[in-house]
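> Provided below: my_file-v1.txt, containing compact mmCIF, C-alpha atoms.
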# COMPACT_ATOMS: atom_id res chain seq x y z
CA MET A 327 71.85 69.45 117.64
CA HIS A 328 68.45 69.63 116.04
CA THR A 329 68.19 73.35 116.59
CA LEU A 330 71.66 73.77 115.10
CA LEU A 331 70.72 71.78 112.02
CA SER A 332 67.54 73.76 111.51
CA GLN A 333 69.56 76.94 111.74
CA ALA A 334 71.97 75.55 109.16
CA ASN A 335 69.08 74.87 106.82
CA SER A 336 68.04 78.51 106.93
CA GLY A 337 71.07 79.19 104.69
CA PHE A 338 74.01 81.53 104.67
CA VAL A 339 73.21 85.15 103.86
CA PRO A 340 76.24 86.59 102.04
CA PRO A 341 77.22 90.18 102.89
CA SER A 342 76.07 92.78 100.39
CA SER A 343 76.12 96.52 99.94
CA ALA A 344 73.24 96.69 102.45
CA ASP A 345 75.84 96.00 105.17
CA PHE A 346 77.31 99.43 104.47
CA ASP A 347 74.14 101.28 105.52
CA PHE A 348 73.97 102.35 109.14
CA ALA A 349 71.09 103.46 111.33
CA PRO A 350 71.08 107.16 112.30
CA ILE A 351 72.61 107.93 115.70
CA PHE A 352 70.44 110.90 116.71
CA GLY A 353 66.73 110.48 116.00
CA ASN A 354 65.83 110.05 112.34
CA SER A 355 68.42 112.33 110.78
CA ILE A 356 70.35 110.43 108.09
CA LEU A 357 72.96 113.19 108.16
CA PHE A 358 74.65 111.78 111.24
CA THR A 359 75.59 108.09 111.02
CA LYS A 360 78.63 106.01 111.93
CA PRO A 361 80.81 107.13 108.96
CA VAL A 362 80.20 110.81 109.75
CA LEU A 363 81.05 110.17 113.40
CA LEU A 364 84.26 108.42 112.26
CA VAL A 365 85.23 111.42 110.11
CA PHE A 366 84.86 113.80 113.05
CA PHE A 367 86.78 111.36 115.26
CA SER A 368 89.60 111.08 112.69
CA VAL A 369 89.96 114.87 112.55
CA ILE A 370 90.16 115.10 116.35
CA LEU A 371 92.59 112.15 116.51
CA ALA A 372 94.97 113.39 113.80
CA GLY A 373 94.80 116.99 115.02
CA SER A 374 95.58 116.13 118.63
CA PHE A 375 98.36 113.72 117.62
CA PHE A 376 100.22 116.29 115.55
CA THR A 377 99.58 119.09 118.06
CA LEU A 378 101.04 116.93 120.83
CA SER A 379 104.00 115.81 118.74
CA ALA A 380 104.91 119.38 117.73
CA ARG A 381 104.22 121.12 121.05
CA LYS A 382 107.56 120.54 122.72
CA ALA A 383 109.83 120.71 119.71
CA ALA A 384 113.30 119.77 120.85
CA ILE A 385 116.58 119.24 119.01
CA VAL A 386 116.77 115.73 120.43
CA PRO A 387 113.22 114.59 119.58
CA SER A 388 111.02 112.51 121.84
CA LYS A 389 109.43 109.37 120.39
CA LEU A 390 106.16 111.21 119.66
CA GLN A 391 107.90 114.10 117.99
CA PHE A 392 109.99 111.69 115.93
CA ALA A 393 106.86 109.87 114.70
CA GLY A 394 105.10 113.10 113.71
CA GLU A 395 108.19 114.52 112.05
CA SER A 396 108.97 111.41 110.04
CA ILE A 397 105.47 111.43 108.49
CA TYR A 398 105.85 115.13 107.66
CA THR A 399 109.35 114.66 106.24
CA PHE A 400 108.17 111.76 104.11
CA ILE A 401 105.38 113.83 102.54
CA ARG A 402 107.56 116.91 102.09
CA ASN A 403 110.51 115.15 100.48
CA GLU A 404 109.00 112.22 98.59
CA LEU A 405 105.77 113.83 97.39
CA GLY A 406 106.52 117.56 97.53
CA ARG A 407 110.12 118.16 96.56
CA ASP A 408 110.68 115.21 94.25
CA VAL A 409 107.39 115.45 92.36
CA ILE A 410 106.27 119.08 92.26
CA GLY A 411 109.66 120.79 91.97
CA PRO A 412 110.88 124.22 93.10
CA GLU A 413 107.47 125.65 94.10
CA PHE A 414 106.59 122.67 96.30
CA MET A 415 106.41 124.43 99.69
CA ARG A 416 103.03 126.05 98.88
CA PHE A 417 101.39 122.64 98.48
CA VAL A 418 102.96 120.70 101.34
CA PRO A 419 100.22 121.63 103.93
CA PHE A 420 97.50 120.50 101.50
CA LEU A 421 99.25 117.24 100.59
CA PHE A 422 100.08 116.52 104.23
CA SER A 423 96.51 116.98 105.50
CA LEU A 424 95.17 114.98 102.54
CA PHE A 425 97.48 112.06 103.29
CA VAL A 426 96.86 112.04 107.04
CA PHE A 427 93.08 112.37 106.64
CA ILE A 428 92.79 109.51 104.14
CA LEU A 429 95.23 107.31 106.06
CA THR A 430 93.39 107.76 109.39
CA ASN A 431 90.00 107.09 107.83
CA ASN A 432 91.25 104.02 105.95
CA ILE A 433 92.94 102.48 108.95
CA PHE A 434 89.65 102.67 110.85
CA GLY A 435 88.74 99.66 108.71
CA VAL A 436 90.96 97.29 110.71
CA VAL A 437 90.91 98.98 114.13
CA PRO A 438 88.87 96.77 116.49
CA LEU A 439 85.50 98.22 117.61
CA LEU A 440 85.50 100.91 114.91
CA GLN A 441 86.05 98.50 111.98
CA PHE A 442 84.65 100.55 109.16
CA PRO A 443 86.72 102.34 106.50
CA THR A 444 84.96 105.68 105.99
CA MET A 445 86.14 105.88 102.39
CA SER A 446 84.00 102.86 101.44
CA HIS A 447 81.09 105.29 101.16
CA ILE A 448 81.47 106.93 97.72
CA GLY A 449 80.53 110.40 99.03
CA PHE A 450 83.71 110.83 101.06
CA PRO A 451 86.23 110.07 98.24
CA ILE A 452 84.25 112.34 95.91
CA GLY A 453 84.36 115.08 98.55
CA ILE A 454 88.13 114.98 98.90
CA THR A 455 88.58 114.58 95.14
CA ILE A 456 86.73 117.90 94.68
CA PHE A 457 89.44 119.57 96.79
CA SER A 458 92.31 118.30 94.65
CA TYR A 459 90.31 118.87 91.41
CA VAL A 460 89.71 122.53 92.26
CA THR A 461 93.34 122.90 93.38
CA TYR A 462 95.02 121.63 90.24
CA HIS A 463 92.70 123.40 87.84
CA TYR A 464 93.05 126.67 89.80
CA VAL A 465 96.84 126.36 89.83
CA ALA A 466 96.94 125.74 86.08
CA ILE A 467 94.58 128.63 85.24
CA LYS A 468 96.53 131.00 87.47
CA LYS A 469 99.84 129.93 85.92
CA HIS A 470 98.89 129.96 82.23
CA GLY A 471 95.73 132.08 82.04
CA LEU A 472 92.29 130.71 81.24
CA LYS A 473 92.48 131.12 77.46
CA LYS A 474 95.81 129.38 77.00
CA TYR A 475 94.83 126.56 79.38
CA VAL A 476 91.58 125.79 77.53
CA THR A 477 93.34 126.01 74.16
CA ASP A 478 96.08 123.68 75.38
CA ILE A 479 93.53 121.10 76.48
CA CYS A 480 91.17 121.32 73.51
CA PHE A 481 93.50 121.73 70.55
CA MET A 482 96.48 119.44 70.29
CA PRO A 483 99.08 120.62 67.80
CA GLY A 484 99.98 118.52 64.80
CA ILE A 485 96.70 117.00 63.61
CA PRO A 486 94.44 117.99 60.67
CA LYS A 487 91.61 120.36 61.56
CA PRO A 488 88.53 118.12 60.97
CA VAL A 489 89.90 115.57 63.45
CA TYR A 490 89.41 118.08 66.29
CA LEU A 491 85.69 117.33 66.00
CA ILE A 492 86.41 113.74 67.09
CA LEU A 493 89.25 114.27 69.55
CA THR A 494 88.25 117.42 71.47
CA PRO A 495 85.16 115.94 73.22
CA VAL A 496 87.23 112.95 74.38
CA GLU A 497 90.00 115.24 75.63
CA LEU A 498 87.54 117.49 77.50
CA LEU A 499 85.78 114.49 79.05
CA THR A 500 89.15 113.11 80.20
CA TYR A 501 90.26 116.34 81.87
CA LEU A 502 86.92 117.34 83.41
CA VAL A 503 85.32 114.00 84.35
CA THR A 504 87.36 110.82 83.90
CA ARG A 505 90.60 111.77 85.65
CA PRO A 506 88.94 112.96 88.90
CA LEU A 507 86.50 110.06 88.63
CA THR A 508 89.28 107.47 88.48
CA LEU A 509 90.96 109.25 91.40
CA SER A 510 87.92 108.84 93.65
CA MET A 511 86.73 105.48 92.29
CA ARG A 512 90.05 103.79 92.97
CA LEU A 513 90.03 104.77 96.64
CA PHE A 514 86.34 103.90 97.02
CA ALA A 515 86.56 100.55 95.24
CA ASN A 516 89.62 99.39 97.17
CA MET A 517 88.08 100.23 100.54
CA PHE A 518 84.66 98.80 99.59
CA ALA A 519 86.08 95.53 98.28
CA GLY A 520 88.46 95.14 101.23
CA HIS A 521 85.72 95.63 103.79
CA LEU A 522 83.44 93.24 101.90
CA LEU A 523 86.21 90.62 101.81
CA LEU A 524 86.70 90.84 105.60
CA LEU A 525 82.91 90.61 106.07
CA VAL A 526 82.73 87.44 103.95
CA PHE A 527 85.31 85.62 106.06
CA THR A 528 84.07 86.79 109.49
CA LEU A 529 80.39 86.19 108.70
CA GLY A 530 81.28 82.87 107.07
CA GLY A 531 83.19 81.80 110.18
CA GLU A 532 80.30 82.86 112.38
CA TYR A 533 77.90 80.85 110.24
CA LEU A 534 80.14 77.77 110.36
CA LEU A 535 80.21 78.05 114.18
CA THR A 536 76.46 77.57 114.25
CA SER A 537 76.69 74.47 111.98
CA GLY A 538 77.64 70.86 112.70
CA LEU A 539 80.66 69.66 114.67
CA ILE A 540 83.12 69.23 111.77
CA LEU A 541 82.19 72.58 110.30
CA LYS A 542 82.93 74.20 113.66
CA PHE A 543 86.59 73.26 113.22
CA LEU A 544 86.55 74.68 109.73
CA SER A 545 85.41 78.03 111.13
CA LEU A 546 88.87 78.29 112.72
CA PHE A 547 90.37 78.53 109.23
CA SER A 548 87.86 81.17 108.23
CA PHE A 549 88.60 83.32 111.28
CA SER A 550 92.38 82.99 110.93
CA PHE A 551 92.07 83.89 107.26
CA ALA A 552 90.10 86.98 108.27
CA ILE A 553 92.84 87.99 110.71
CA GLY A 554 95.53 87.46 108.08
CA LEU A 555 93.55 89.46 105.54
CA SER A 556 93.24 92.28 108.07
CA PHE A 557 97.00 92.77 107.96
CA PHE A 558 96.90 92.58 104.16
CA GLU A 559 94.18 95.25 104.22
CA LEU A 560 96.35 97.45 106.45
CA GLY A 561 98.97 97.46 103.70
CA ILE A 562 96.41 98.27 101.00
CA GLN A 563 94.91 101.08 103.09
CA ALA A 564 98.29 102.78 103.59
CA LEU A 565 99.11 102.26 99.89
CA GLN A 566 95.84 103.80 98.71
CA ALA A 567 96.33 106.88 100.89
CA TYR A 568 99.83 107.23 99.43
CA ILE A 569 98.66 106.76 95.82
CA PHE A 570 95.85 109.32 96.20
CA THR A 571 98.31 111.92 97.53
CA LEU A 572 100.93 111.00 94.91
CA LEU A 573 98.47 111.43 92.04
CA THR A 574 97.26 114.76 93.43
CA ALA A 575 100.89 115.91 93.58
CA LEU A 576 101.47 114.66 90.03
CA TYR A 577 98.42 116.51 88.70
CA ILE A 578 99.57 119.71 90.45
CA ALA A 579 103.02 119.19 88.92
CA GLY A 580 101.41 118.74 85.50
CA ALA A 581 99.43 121.96 86.00
CA LEU A 582 102.62 123.84 86.88
CA ALA A 583 104.58 122.42 83.94
CA ASP A 584 105.07 124.61 80.89
CA GLU A 585 103.60 122.31 78.26
CA HIS A 586 100.73 119.88 78.69
CA MET B 1334 70.78 83.23 92.59
CA THR B 1335 70.11 86.27 90.46
CA GLY B 1336 72.30 88.33 88.13
CA THR B 1337 73.40 88.37 84.54
CA LEU B 1338 75.83 86.05 82.82
CA ALA B 1339 77.42 89.11 81.19
CA ILE B 1340 79.20 89.93 84.46
CA VAL B 1341 80.74 86.43 84.50
CA GLY B 1342 81.83 87.03 80.92
CA PHE B 1343 83.49 90.27 81.95
CA GLY B 1344 85.29 88.47 84.77
CA LEU B 1345 86.62 85.91 82.29
CA SER B 1346 87.60 88.59 79.78
CA THR B 1347 89.82 90.37 82.34
CA ILE B 1348 92.09 87.34 82.74
CA GLY B 1349 93.89 87.87 79.43
CA PRO B 1350 94.49 91.64 79.71
CA GLY B 1351 95.46 91.26 83.38
CA THR B 1352 98.14 88.69 82.49
CA ALA B 1353 99.28 90.82 79.56
CA THR B 1354 99.63 93.98 81.69
CA GLY B 1355 101.61 92.05 84.28
CA LEU B 1356 104.00 90.66 81.64
CA ILE B 1357 104.45 94.08 79.99
CA PHE B 1358 105.34 95.87 83.20
CA ALA B 1359 107.56 93.00 84.38
CA ALA B 1360 109.58 93.31 81.19
CA TYR B 1361 109.64 97.13 81.49
CA ILE B 1362 110.84 97.04 85.10
CA SER B 1363 113.59 94.49 84.44
CA GLY B 1364 114.68 96.43 81.37
CA VAL B 1365 114.95 99.70 83.32
CA ALA B 1366 116.69 97.92 86.19
CA ARG B 1367 119.38 96.55 83.87
CA GLN B 1368 119.85 99.73 81.90
CA PRO B 1369 118.43 102.86 83.59
CA GLU B 1370 119.41 105.14 80.71
CA ALA B 1371 117.12 103.18 78.37
CA ARG B 1372 114.05 104.36 80.31
CA SER B 1373 113.04 107.06 77.84
CA ILE B 1374 113.13 104.53 74.99
CA LEU B 1375 111.33 101.78 76.87
CA GLN B 1376 108.55 103.89 78.43
CA PRO B 1377 106.57 104.67 75.23
CA ILE B 1378 106.80 101.05 74.09
CA ALA B 1379 105.63 99.74 77.47
CA PHE B 1380 102.72 102.16 77.64
CA LEU B 1381 101.66 101.46 74.05
CA GLY B 1382 101.53 97.76 74.92
CA PHE B 1383 99.63 98.54 78.10
CA ALA B 1384 97.07 100.65 76.22
CA LEU B 1385 96.53 97.94 73.60
CA ALA B 1386 96.06 95.25 76.26
CA GLU B 1387 93.84 97.39 78.49
CA ALA B 1388 91.58 98.28 75.55
CA LEU B 1389 90.36 94.67 75.44
CA ALA B 1390 89.47 94.71 79.13
CA LEU B 1391 87.54 97.95 78.69
CA PHE B 1392 85.70 96.53 75.67
CA GLY B 1393 84.66 93.66 77.93
CA LEU B 1394 83.48 96.10 80.61
CA VAL B 1395 81.42 98.15 78.16
CA LEU B 1396 79.87 95.10 76.50
CA ALA B 1397 79.01 93.62 79.93
CA PHE B 1398 76.92 96.73 80.59
CA VAL B 1399 75.49 97.05 77.09
CA LEU B 1400 74.49 93.47 76.20
CA LYS B 1401 71.51 92.57 78.33
CA MET C 632 108.25 113.48 77.22
CA ALA C 633 109.39 111.18 80.02
CA MET C 634 106.43 111.57 82.31
CA ASN C 635 106.22 109.92 85.71
CA ASP C 636 105.10 106.30 85.29
CA ASP C 637 102.13 106.52 87.67
CA ALA C 638 100.73 109.65 86.06
CA ALA C 639 101.15 108.16 82.58
CA PHE C 640 99.48 104.90 83.64
CA TRP C 641 96.35 106.53 85.06
CA SER C 642 96.13 109.14 82.30
CA ILE C 643 96.18 106.41 79.65
CA LEU C 644 93.43 104.54 81.50
CA ALA C 645 91.38 107.76 81.72
CA TYR C 646 91.80 108.39 77.99
CA LEU C 647 90.67 104.87 77.10
CA ILE C 648 87.59 105.12 79.34
CA SER C 649 86.53 108.55 78.08
CA GLY C 650 86.91 107.65 74.42
CA LEU C 651 84.78 104.53 74.84
CA VAL C 652 82.19 106.28 77.02
CA PHE C 653 81.76 109.34 74.81
CA TRP C 654 81.59 107.80 71.34
CA GLY C 655 80.08 104.52 72.53
CA GLY C 656 77.43 106.50 74.40
CA ALA C 657 76.77 108.61 71.29
CA GLY C 658 76.41 105.40 69.26
CA ALA C 659 74.03 103.89 71.82
CA LEU C 660 71.89 107.04 71.84
CA ALA C 661 71.77 107.09 68.05
CA ASP C 662 70.77 103.40 68.07
CA HIS C 663 68.01 104.19 70.55
CA PHE C 664 66.49 107.01 68.52
CA LEU C 665 67.01 105.57 65.03
CA SER C 666 66.18 101.99 66.19
CA THR C 667 69.23 100.49 64.49
CA HIS C 668 71.80 98.07 65.92
CA PHE C 669 75.13 98.73 64.25
CA LEU C 670 75.87 102.31 65.40
CA LEU C 671 76.94 101.25 68.90
CA ILE C 672 79.75 99.06 67.55
CA ILE C 673 80.85 101.83 65.16
CA GLY C 674 80.83 104.30 68.07
CA LEU C 675 82.91 101.98 70.27
CA ILE C 676 85.49 101.46 67.53
CA LEU C 677 85.61 105.21 66.77
CA GLY C 678 86.01 105.98 70.49
CA MET C 679 88.80 103.44 70.87
CA GLY C 680 90.50 104.86 67.80
CA SER C 681 90.32 108.43 69.09
CA SER C 682 91.66 107.30 72.49
CA PHE C 683 94.63 105.64 70.81
CA TRP C 684 95.25 108.72 68.69
CA LEU C 685 95.27 110.97 71.78
CA ILE C 686 97.55 108.58 73.71
CA TRP C 687 99.91 108.50 70.75
CA LEU C 688 99.94 112.31 70.57
CA ARG C 689 100.44 112.79 74.32
CA PHE C 690 102.86 110.03 75.26
CA LEU C 691 104.50 108.38 72.29
CA LYS C 692 105.11 110.95 69.59
CA SER C 693 108.20 112.75 70.88
Render the structure in this file as structure tokens.

Amino acid sequence: MHTLLSQANSGFVPPSSADFDFAPIFGNSILFTKPVLLVFFSVILAGSFFTLSARKAAIVPSKLQFAGESIYTFIRNELGRDVIGPEFMRFVPFLFSLFVFILTNNIFGVVPLLQFPTMSHIGFPIGITIFSYVTYHYVAIKKHGLKKYVTDICFMPGIPKPVYLILTPVELLTYLVTRPLTLSMRLFANMFAGHLLLLVFTLGGEYLLTSGLILKFLSLFSFSFAIGLSFFELGIQALQAYIFTLLTALYIAGALADEH
Amino acid sequence: MTGTLAIVGFGLSTIGPGTATGLIFAAYISGVARQPEARSILQPIAFLGFALAEALALFGLVLAFVLK
Amino acid sequence: MAMNDDAAFWSILAYLISGLVFWGGAGALADHFLSTHFLLIIGLILGMGSSFWLIWLRFLKS
């Protein structure tokens, strides 16, 4: 009991952003850590799942084929056809791989043993945001031509000329920086905060286990709360993957539209 | 404990705009649910209200970073 | 212009942030170099005003 009390006096160390840094796996190279390993694993996992589900395509689908096809149909109909419009088939492969990649990496956050959402490192959301950023700007420039696109963004019709001096920088900043930034920050912040929340309750429960007898019972509540929050996190992770893909589809649709 | 009190102030200042945004979109959703054809009339009003409410939260965010 | 609700929501948020960041940042820089204290507030108000103007033009006018 004395040792337990002295441990309790050492104080609870709350989880911080330092818990998101991992030691390198091979030697001293910081290029290969747990998140990078998880990204490679997610690509192998998703690729083999959809290869297996589509290999023996039958009219009466097996359970595996049905699972793969329902994800594909969901993306094609809900995000492609309903949002983008008649030209949607060109973008379905991009939207589908985006959704599956983000979903797999997010769900790693609640899978036992892996338990780390890759997207809670800001570099990964920024990386995938660059893909959708380049895509929707390229689509718009190809559709309207560079000159008309820039004029459409910079010069809104129907305001007096001196006001352009005030409004054009804000408009340019919105299109070039803030919109992609909100796209990546939302995914990053949700995953970061969710993982931190789970860490608080598991580490708190672990700390209570090392404390006195009454506090040991209280650790039960902390652990059960962590398990409940894991299911809540599962919902958020699926929702964030959906929202990221939906907003990419909406920006592509806006780029294809006639007026801005 | 370390940190600035400005962050606590920002946390407090988000309560009002958060409640306001929730109320605005609740009214918008129930309005569209009762009368779907009124969507094009209701949408600008709802988003104007949202922008006005969200502006206060963003002022809080900026001032939390600026005032040291 | 009945835009999709999600796109409108996040675009409005992006406009508000960029207006505040650009003109507020310009005001803060001017304060730093001229060693005054009132330009930041003027920049923030100007940025918020320009954001509202752009939101009005994009989403509410038609």
> Can you list, as an MDAnalysis selection string, every protein, DNA or RNA residue that comes within 12 Å of Gly656 (chain C) when you count all atoms listed in the file, leaving out same-chain residues fewer than 3 positions away?
(chainID A and resid 496) or (chainID B and resid 1395:1396 1398:1399) or (chainID C and resid 648:653 659:663 670:678)
> For chain C, which residues have at least one atom within 7 Å of chain B, if we go by all atoms listed in the file? Write them as an MDAnalysis selection string, please.
chainID C and resid 633 643 647 690:691
> Just how far from CA of Ala1386 (chain B) is CA of Ala567 (chain A), in Å to one decimal?
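CA of Ala1386 (chain B) lies at a distance of 27.2 Å from CA of Ala567 (chain A).
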> Nearest to chain A among C:Leu685, C:Met679, C:Gly658, C:Thr667, with distances taken over all atoms listed in the file: which residue is it?
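Closest residue, counting all atoms listed in the file: C:Leu685.
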> In Å, how far is it from CA of Asn516 (chain A) to CA of Ile370 (chain A)?
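Computed distance, CA of Asn516 (chain A) to CA of Ile370 (chain A), equals 24.8 Å.
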> Calculate how many Å separate CA of Leu688 (chain C) from CA of Glu1370 (chain B), rounding to one decimal.
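CA of Glu1370 (chain B) lies 23.1 Å from CA of Leu688 (chain C).
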> Using only C-alpha atoms, find the residues of chain A whose closest atom to chain C is at most 8 Å away, then write them as a list of chain:residue names.
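Selected residues: A:Met482, A:Ile492, A:Leu493, A:Pro495, A:Val496, A:Glu497, A:Leu499, A:Thr500, A:Thr504, A:Arg505, A:Thr508, A:Leu573, A:Leu576, A:Tyr577.
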> List as a VMD selection string the protein and nucleic acid residues near region 422-429 of chain A, meaning an atom at most 9 Å away when all atoms listed in the file are counted, but skip any in the same chain fewer than 2 places from it.
chain A and resid 365 368 to 369 372 397 to 398 401 to 402 417 to 420 431 to 434 444 to 445 451 454 563 to 568 570 to 571
> If we count all atoms listed in the file, what is near Ala1379 (chain B) at a cut-off of 8 Å, once residues fewer than 3 positions away on the same chain are taken out, given as a VMD selection string?
chain B and resid 1357 to 1358 1361 1375 to 1376 1382 to 1383
> Excluding same-chain residues fewer than 2 positions from region 542-557 of chain A, what lies within 10 Å of it counting only C-alpha atoms, as an NGL selection string?
:A and (435-437 or 520-521 or 523-540 or 559-563)
